[in-house]
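*Asks:* I'd like to ask you about the structure that follows.
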Amino acid sequence: MSRPNAVRITDFTDPVFSPQVAEIRDAVAPFAETLELTTDALSTQAQAETRLDDFGGDGTWRERLDVLTGSLRSEGGLSPFGRMSNHAMLVGLLKNRLLVADLLARHPEIHDVEIVAPIVICGLPRTGTTHLHNLISADANLRSLPYWESLEPVPLPGEEPGPGGEDPRIARCKLACDFIDSSMPLFKRMHEMTWNHVHEEIQLLAIDLSTMLFETTANVPTWRAYYQAHDQRPHYEYMKTVLRAITFLRGGQRWVLKSPQHLEQFPALVETFPDATFVVTHRDPVSVTISMVTMLAYSSRMNCEHPDPLAIGSGWSERLEAMLRSCAEFRNVLPAERTVDVRFDEFMADDIAMVRRIYEVANQPFTDATHAQMNAFMATHPRGKFGGVVYDFADFGIDPDERYRSLAFYLDRFGLTRER
């Protein structure tokens with residue numbers, strides 16, 4: 001198929017929006033100024049919107065939210081729209097906490113639902129994780145998490161769809177995706193987002209207010225330090241409980257999961273899913289760095305008034321290096337007999353062969369029907385159909401030679417070759 005030419009992004013610092021989007025952003029500014037990014041204000045609104053009052057757990061989520069909101073207020077550089085967006089996101093997460101706690105109270109049998117031998121993909125963005133996740137999720141014998149369900153895993157009371165009716169959660173997700181596409185028309189060249197797009201369980205970790213997801217939406221160094229200093233095992237267990245609730249509500253068999261966060265949380269991951277098959281993706285880390293930094297700098301326009309590409313380049317170069325060092329240090333924690341290392345070049349050369357290899361290790365049948373389902377997905381979702389983006393290290397003040405020196409340990413550890 002004919003693909004659009006690659007484009008260069010030139011408005012990182014001073015984002016340019018379409019007239020329609022700019023009008024919406026301007027219109028919400030006065031309202032955004034009235035919103036309080038505080039734990040009390042957010043939790044009160046979530047309780048009012050759900051008519052529930054039990055957030056579940058031991059209350060330690062409040063401390064985490066205090067740190068996050070404080071970091072957003074003092075360090076986030078939020079635009080008025082970003083203030084409103086983060087307010088809505090955090091209210092939504094607290095509503096999810098309330099709904100999960102309520103569902104568990106009404107159906108304690110959910111705690112007995114088993115999450116058996118999931119296939120867990122661990123790898124940074126731009127390493128082939130999305131394509132691999134999509135391919136495996138095309139298998140009707142596996143259960144994955146669509147974007148709409150990741151945002152609202154438990155329906156609001158009274159919103160359960162009738163026979164043949166569309167779930168209101170889907171309608172809300174469609175509207176959100178439409179606005180994202182209008183605000184960031186080039187984003188789909190880097191990572192397509194649709195309402196039914198298979199998504200990451202990092203959104204479920206966010207319900208427990210402990211995840212690196214928040215780092216990707218705004219500059220929150222205080223939050224980052226707090227998150228990195230705390231044991232994430234309790235939050236992974238909470239995420240597993242939410243998976244049990246989702247399975248109880250909508251069924252499913254063996255799960256296929258994926259998140260870049262897992263790359264630095266191997267001990268917590270193994271403890272949470274001791275019978276899982278782990279798939280760790282690898283690629284030239286300097287190529288990954290420039291690709292991911294470009295994506296994060298572009299998406300910063302959603303929340304930040306004037307994104308700083310140089311700060312994003314420096315901060316995320318360091319962050320990705322820390323994640324890769326953790327991966328290299330704790331890779332042997334993963335069980336050798338149930339772990340597959342996937343190198344990007346090998347996967348791109350023959351993606352189906354790599355999936356077959358993963359299925360063999362996972363003891364998951366790869367049938368003719370499975371192959372047909374994956375081929376059907378690829379026929380309707382060809383890679384690169386939206387065109388590419390020009391990646392330039394100079395835009396972010398990144399010296400690729402310095403990065404190769406700093407990341408040589410990772411290239412050596414996993415036998416990778418330089419792409420640049």
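Please note that chains go A, B, ... in the order of the structure tokens, that every chain numbers its residues from 1, and that ligands are numbered from 1 in the order shown.
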What lies within 12 Å of stretch 363-367 of chain A using only C-alpha atoms, ignoring chain neighbours under 2 positions off, as number ranges by chain?
*Replies:* A: 117-119, 136, 138-142, 253-256, 275-277, 337-339, 352-361, 369-374
*Asks:* Taking only stretch 157-395 of chain A into account, list the residues labelled strand (DSSP E) by DSSP (computed from the backbone), as number ranges by chain.
*Replies:* A: 254-259, 277-282, 339-343
*Asks:* Taking the DSSP secondary structure from the backbone, can you list the residues of stretch 148-392 of chain A that are helix (DSSP H, G or I), as a PyMOL selection string?
*Replies:* chain A and resi 148-151+168-183+187-189+202-207+212-216+221-228+233-250+260-264+266-272+285-302+309-333+336-338+344-349+351-362+368-380
*Asks:* Would you mind telling me which residue in A:Ala229, A:Met212, A:Ala46, A:Ala328 lies nearest to A:Leu407 when using only C-alpha atoms?
*Replies:*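 Checking each candidate against A:Leu407, we get A:Ala328 as the closest.
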*Asks:* So that I can check the surroundings of stretch 290-304 of chain A, please list as a list in words every protein, DNA and RNA residue that reaches within 7 Å of it, counting only C-alpha atoms and ignoring chain neighbours fewer than 6 positions away.
*Replies:*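 So, after excluding close chain neighbours, the residues are Phe12, Pro15, Gly77, Leu78, Ser79, Phe81, Gly82, Pro125, Arg126, Met190, Thr216, Thr217, Ala218, Ile312, Gly313, Trp316, Tyr391 and Phe393 of chain A.
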